[in-house]
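S.K.: Quick one, query_19.txt (compact mmCIF, C-alpha atoms):
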```txt
# COMPACT_ATOMS: atom_id res chain seq x y z
CA MET A 24 64.87 135.73 32.64
CA LYS A 25 65.45 135.62 36.41
CA ALA A 26 66.18 131.89 36.47
CA LEU A 27 68.39 132.22 33.40
CA ASN A 28 70.37 135.13 34.85
CA HIS A 29 70.72 133.67 38.33
CA ARG A 30 71.69 130.12 37.46
CA SER A 31 73.87 130.89 34.48
CA ALA A 32 75.60 133.98 35.92
CA PRO A 33 78.95 132.27 36.66
CA PHE A 34 79.04 130.67 33.20
CA LEU A 35 78.19 133.93 31.40
CA GLY A 36 80.50 135.96 33.62
CA PHE A 37 83.58 133.86 32.87
CA TYR A 38 82.57 133.57 29.22
CA LEU A 39 82.43 137.35 28.75
CA MET A 40 85.78 137.72 30.51
CA VAL A 41 87.34 135.40 27.94
CA LEU A 42 85.36 136.45 24.86
CA LEU A 43 86.73 139.95 24.19
CA PRO A 44 90.42 139.24 24.93
CA VAL A 45 90.33 136.22 22.63
CA LEU A 46 88.70 138.34 19.91
CA PHE A 47 91.56 140.84 20.22
CA ILE A 48 94.15 138.05 19.97
CA TRP A 49 92.44 136.64 16.88
CA LEU A 50 92.26 139.99 15.09
CA TYR A 51 95.76 141.11 16.07
CA PHE A 52 97.82 137.96 15.39
CA GLY A 53 95.79 136.21 12.68
CA LYS A 54 94.69 132.61 12.48
CA GLY A 55 97.93 131.13 11.14
CA GLN A 56 100.28 132.49 13.79
CA ILE A 57 97.88 131.65 16.63
CA HIS A 58 97.42 128.09 15.42
CA LEU A 59 101.16 127.45 15.12
CA PHE A 60 101.62 128.78 18.67
CA ILE A 61 98.94 126.45 20.05
CA ASN A 62 100.21 123.51 18.03
CA HIS A 63 103.75 123.98 19.32
CA TYR A 64 102.76 123.07 22.89
CA HIS A 65 101.82 119.42 23.07
CA SER A 66 102.60 116.25 24.98
CA PRO A 67 101.51 112.59 24.94
CA PHE A 68 99.27 113.27 27.96
CA PHE A 69 97.45 116.16 26.30
CA ASP A 70 97.22 114.24 23.03
CA HIS A 71 95.24 111.58 24.85
CA PHE A 72 93.34 114.08 27.01
CA PHE A 73 92.06 116.26 24.17
CA TYR A 74 91.36 113.24 21.98
CA TRP A 75 88.67 112.28 24.49
CA ILE A 76 87.57 115.71 25.74
CA THR A 77 86.60 116.78 22.21
CA LYS A 78 83.99 114.02 22.16
CA LEU A 79 81.95 116.03 24.69
CA GLY A 80 81.04 118.23 21.72
CA GLU A 81 79.46 115.37 19.79
CA PRO A 82 75.67 114.87 19.56
CA LEU A 83 75.85 111.40 21.14
CA VAL A 84 76.80 112.87 24.52
CA ALA A 85 74.01 115.45 24.40
CA CYS A 86 71.45 112.83 23.31
CA THR A 87 72.44 110.60 26.23
CA VAL A 88 71.87 113.49 28.64
CA ILE A 89 68.51 114.24 26.99
CA ILE A 90 67.33 110.71 27.74
CA GLY A 91 68.49 111.03 31.34
CA LEU A 92 66.69 114.36 31.80
CA LEU A 93 63.38 112.71 30.92
CA PHE A 94 63.46 111.36 34.48
CA PHE A 95 63.76 114.92 35.86
CA LYS A 96 61.62 117.12 33.59
CA TYR A 97 60.34 116.75 30.04
CA ARG A 98 60.88 120.45 29.45
CA TYR A 99 64.63 120.11 29.98
CA SER A 100 64.82 117.33 27.41
CA LEU A 101 62.75 119.37 24.97
CA ILE A 102 65.03 122.40 25.36
CA LEU A 103 68.18 120.35 24.79
CA GLY A 104 66.62 118.49 21.87
CA LEU A 105 65.57 121.68 20.08
CA ASN A 106 68.95 123.17 20.87
CA ILE A 107 70.84 120.31 19.22
CA GLY A 108 68.65 120.47 16.13
CA ILE A 109 68.98 124.23 15.67
CA CYS A 110 72.74 124.14 16.31
CA ALA A 111 73.21 121.41 13.71
CA LEU A 112 71.06 123.24 11.15
CA THR A 113 72.77 126.60 11.72
CA VAL A 114 76.28 125.15 11.46
CA SER A 115 75.36 123.18 8.33
CA ILE A 116 73.98 126.30 6.62
CA LEU A 117 77.07 128.36 7.49
CA LYS A 118 79.41 125.62 6.29
CA ALA A 119 77.47 125.48 3.02
CA ILE A 120 77.75 129.26 2.60
CA VAL A 121 81.45 129.48 3.48
CA VAL A 122 82.67 126.89 0.95
CA ASN A 123 86.25 125.76 0.34
CA ASP A 124 87.40 127.32 3.60
CA MET A 125 90.52 125.31 4.48
CA ARG A 126 91.09 123.63 7.80
CA PRO A 127 94.56 123.79 9.42
CA PHE A 128 95.62 120.44 7.91
CA LYS A 129 95.10 121.77 4.36
CA PHE A 130 95.96 125.40 5.06
CA PHE A 131 99.49 124.72 6.30
CA GLN A 132 100.30 122.37 3.43
CA TYR A 133 100.75 125.47 1.28
CA PHE A 134 103.37 126.86 3.66
CA ASN A 135 105.20 123.59 4.34
CA ALA A 136 104.72 124.28 8.02
CA PRO A 137 105.16 121.19 10.20
CA LEU A 138 102.22 120.49 12.47
CA HIS A 139 101.83 118.07 15.32
CA PHE A 140 98.94 115.68 14.72
CA VAL A 141 97.29 113.38 17.24
CA GLU A 142 97.20 109.74 16.29
CA GLY A 143 93.70 108.39 15.63
CA VAL A 144 92.17 111.76 14.72
CA ARG A 145 90.70 111.82 11.22
CA LEU A 146 91.57 115.22 9.81
CA HIS A 147 89.37 117.07 7.33
CA GLU A 148 90.50 119.51 4.66
CA TYR A 149 87.61 121.95 4.20
CA ASN A 150 84.48 123.40 5.86
CA THR A 151 86.33 124.75 8.86
CA PHE A 152 83.89 127.60 9.64
CA PRO A 153 82.35 127.47 12.17
CA SER A 154 83.28 124.73 14.63
CA GLY A 155 80.25 122.49 15.12
CA HIS A 156 81.72 120.78 18.18
CA THR A 157 82.28 124.14 19.86
CA THR A 158 78.82 125.40 18.96
CA LEU A 159 77.16 122.34 20.45
CA ALA A 160 79.42 122.22 23.51
CA PHE A 161 78.85 125.84 24.55
CA SER A 162 75.08 125.65 24.00
CA PHE A 163 74.82 122.26 25.71
CA PHE A 164 76.89 123.09 28.78
CA PHE A 165 75.36 126.55 29.08
CA LEU A 166 71.88 125.02 29.28
CA LEU A 167 73.07 122.51 31.86
CA SER A 168 74.30 125.46 33.94
CA VAL A 169 70.80 126.95 33.69
CA PHE A 170 69.15 123.69 34.76
CA CYS A 171 71.44 123.14 37.76
CA LYS A 172 70.95 125.24 40.88
CA LYS A 173 74.52 125.06 42.20
CA PRO A 174 76.80 127.92 41.05
CA TRP A 175 79.97 125.81 41.25
CA LEU A 176 78.53 123.42 38.66
CA SER A 177 78.04 126.37 36.32
CA ILE A 178 81.78 127.02 36.54
CA VAL A 179 82.55 123.35 35.86
CA PHE A 180 80.32 123.41 32.79
CA PHE A 181 82.06 126.53 31.51
CA VAL A 182 85.48 124.90 31.88
CA LEU A 183 84.27 121.81 30.02
CA ALA A 184 82.91 123.94 27.16
CA LEU A 185 86.18 125.88 27.02
CA LEU A 186 88.20 122.66 26.91
CA VAL A 187 86.12 121.35 24.01
CA GLY A 188 86.75 124.57 22.10
CA TYR A 189 90.49 124.40 22.78
CA SER A 190 90.59 120.74 21.82
CA ARG A 191 89.38 121.60 18.31
CA MET A 192 92.48 123.77 17.86
CA TYR A 193 94.83 121.38 19.65
CA LEU A 194 93.74 118.57 17.32
CA SER A 195 94.21 120.90 14.30
CA MET A 196 90.56 120.56 13.32
CA HIS A 197 89.78 124.29 13.52
CA PHE A 198 91.26 127.76 13.81
CA LEU A 199 90.62 130.17 16.68
CA ALA A 200 88.11 132.12 14.54
CA ASP A 201 86.02 128.97 14.00
CA VAL A 202 85.95 128.25 17.71
CA TRP A 203 85.22 131.86 18.73
CA VAL A 204 82.26 132.17 16.37
CA GLY A 205 81.07 128.69 17.32
CA SER A 206 80.93 129.66 20.99
CA VAL A 207 78.93 132.81 20.24
CA LEU A 208 76.51 130.83 18.10
CA GLY A 209 76.11 128.18 20.77
CA ILE A 210 75.35 130.64 23.57
CA SER A 211 72.96 132.65 21.38
CA ILE A 212 71.01 129.59 20.24
CA ALA A 213 70.82 128.22 23.78
CA ILE A 214 69.40 131.47 25.18
CA GLY A 215 66.87 131.72 22.34
CA VAL A 216 65.65 128.14 22.76
CA TYR A 217 65.42 128.48 26.54
CA GLN A 218 63.40 131.67 26.28
CA LEU A 219 61.07 130.11 23.71
CA VAL A 220 60.28 126.91 25.60
CA THR A 221 60.16 128.56 29.03
CA TYR A 222 58.04 131.62 28.27
CA HIS A 223 56.14 131.12 25.00
CA ARG A 224 52.40 130.66 25.51
CA TRP A 225 52.24 127.43 23.51
CA PHE A 226 54.68 125.72 25.88
CA THR A 227 53.58 127.34 29.15
CA SER A 228 49.95 126.38 28.51
CA ARG A 229 50.88 122.68 28.40
CA LYS A 230 51.71 121.79 31.98
CA TRP A 231 52.59 118.19 31.15
CA TRP A 232 55.95 119.47 29.88
CA ASP A 233 56.87 119.83 33.54
CA GLY A 234 56.22 116.16 34.22
CA ARG A 235 58.81 113.40 34.20
CA LEU A 236 59.25 109.70 33.66
CA LYS A 237 58.87 107.64 36.81
CA VAL A 238 60.65 104.39 37.45
```
Kindly present the structure from the file in structure tokens form.

M.R.:
Amino acid sequence: MKALNHRSAPFLGFYLMVLLPVLFIWLYFGKGQIHLFINHYHSPFFDHFFYWITKLGEPLVACTVIIGLLFFKYRYSLILGLNIGICALTVSILKAIVVNDMRPFKFFQYFNAPLHFVEGVRLHEYNTFPSGHTTLAFSFFFLLSVFCKKPWLSIVFFVLALLVGYSRMYLSMHFLADVWVGSVLGISIAIGVYQLVTYHRWFTSRKWWDGRLKV
């Protein structure tokens, strides 16, 4: 736990500072009012910016990093790989349980509320809970903050995860509740996977996990 606490302290610190206030905002104002507020503030620059930043929450980015980490330590790649798999499975199960839960695009059709949509974004109608992009982004960037030894990088990773979460609301793909729960899931899964691979006897007894590919 020492490495986890030390390296990820900036990420977790800022995350906890944001987590509770956002929960209060969600519970006090409700998903509809919050989403309309966020959707009201947009510009061509941010349309383009969040169109691309949201892609950091897609599996392709994480898989590319996994391949790169093979040249540093197999264990890092294993942790990220297991993390992606468990995140995808968990989100899929929750989406199957919470059926017919409308996304903003469908939800606001019933209220004739005008929304700003970003060109090129394919909008979905259902299965809004939780946000898979946010779950993966927070777990992925949190683990990168654990792997890196520089505290300032931990802060950068937190900001990137936060931007991915916000992008899901800006693009009208999810509500605040979906993003909030997704972030909690992502952090929880990441910590669990890290603890398992780092301290479980089956993994610690196999020293070759600490090897790496050599060019």

S.K.: Interatomic distance between CA of Leu236 (chain A) and CA of Leu92 (chain A)?

M.R.: 9.0 Å

S.K.: Given only C-alpha atoms as the basis, pick out the residue of A:Ile212, A:Ile48, A:Leu199, A:Ile76 nearest to Gly108 (chain A).

M.R.: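 That would be A:Ile212, the residue with the smallest distance to Gly108 (chain A).
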
S.K.: Using CA of Asn123 (chain A) and CA of Pro137 (chain A) as the two end points, give the distance in Å to one decimal.

M.R.: 21.8 Å

S.K.: To one decimal place in Å, what is the distance between CA of Leu93 (chain A) and CA of Ile210 (chain A)?

M.R.: 22.8 Å

S.K.: Considering only C-alpha atoms, can you say which of A:Gly55, A:Gly143, A:Pro127, A:Gly104 comes closest to His71 (chain A)?

M.R.: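 The closest residue to His71 (chain A) is A:Gly143.
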
S.K.: Given the point (99.8, 121.2, 19.6) in the file's coordinates, find the residues that have an atom at most 6 Å from it, counting all atoms listed in the file, and give them as a count of residues only.

M.R.: 7

S.K.: Using all atoms listed in the file, pick whichever of A:Glu142, A:Pro82, A:Ile178, A:Arg30 has the shortest atom-to-atom distance to Pro67 (chain A).

M.R.: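 That would be A:Glu142, the residue with the smallest distance to Pro67 (chain A).
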
S.K.: For each of A:Tyr133, A:Phe94, A:Phe73, A:Trp175, take the minimum atom-to-atom distance to Gly188 (chain A), counting all atoms listed in the file, then give the residue where this is smallest.

M.R.: A:Phe73

S.K.: Show which residues sit within 8 Å of region 154-166 of chain A, as a PyMOL selection string. Count only C-alpha atoms, and ignore same-chain residues fewer than 6 positions away.

M.R.: chain A and resi 31+34+77+79-82+85+103+106-107+110-111+114+177+180-181+183-185+187-188+191+197+201-202+204-213+217

S.K.: List as a ChimeraX atom specification: which residues have an atom within 12 Å of (78.3, 125.3, 2.2), counting only C-alpha atoms?

M.R.: /A:112-124,149-153

S.K.: So which one's closest to Val88 (chain A), A:Ser195, A:Lys237, A:Leu167, A:Lys54? Using all atoms listed in the file, please.

M.R.: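 Of A:Ser195, A:Lys237, A:Leu167, A:Lys54, the one nearest Val88 (chain A) is A:Leu167, counting all atoms listed in the file.
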
S.K.: Taking into account only C-alpha atoms, which residue in the set A:Lys172, A:His58, A:Arg98, A:His29 is nearest to Phe226 (chain A)?

M.R.: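 Checking each of A:Lys172, A:His58, A:Arg98, A:His29 against Phe226 (chain A), counting only C-alpha atoms, the winner is A:Arg98.
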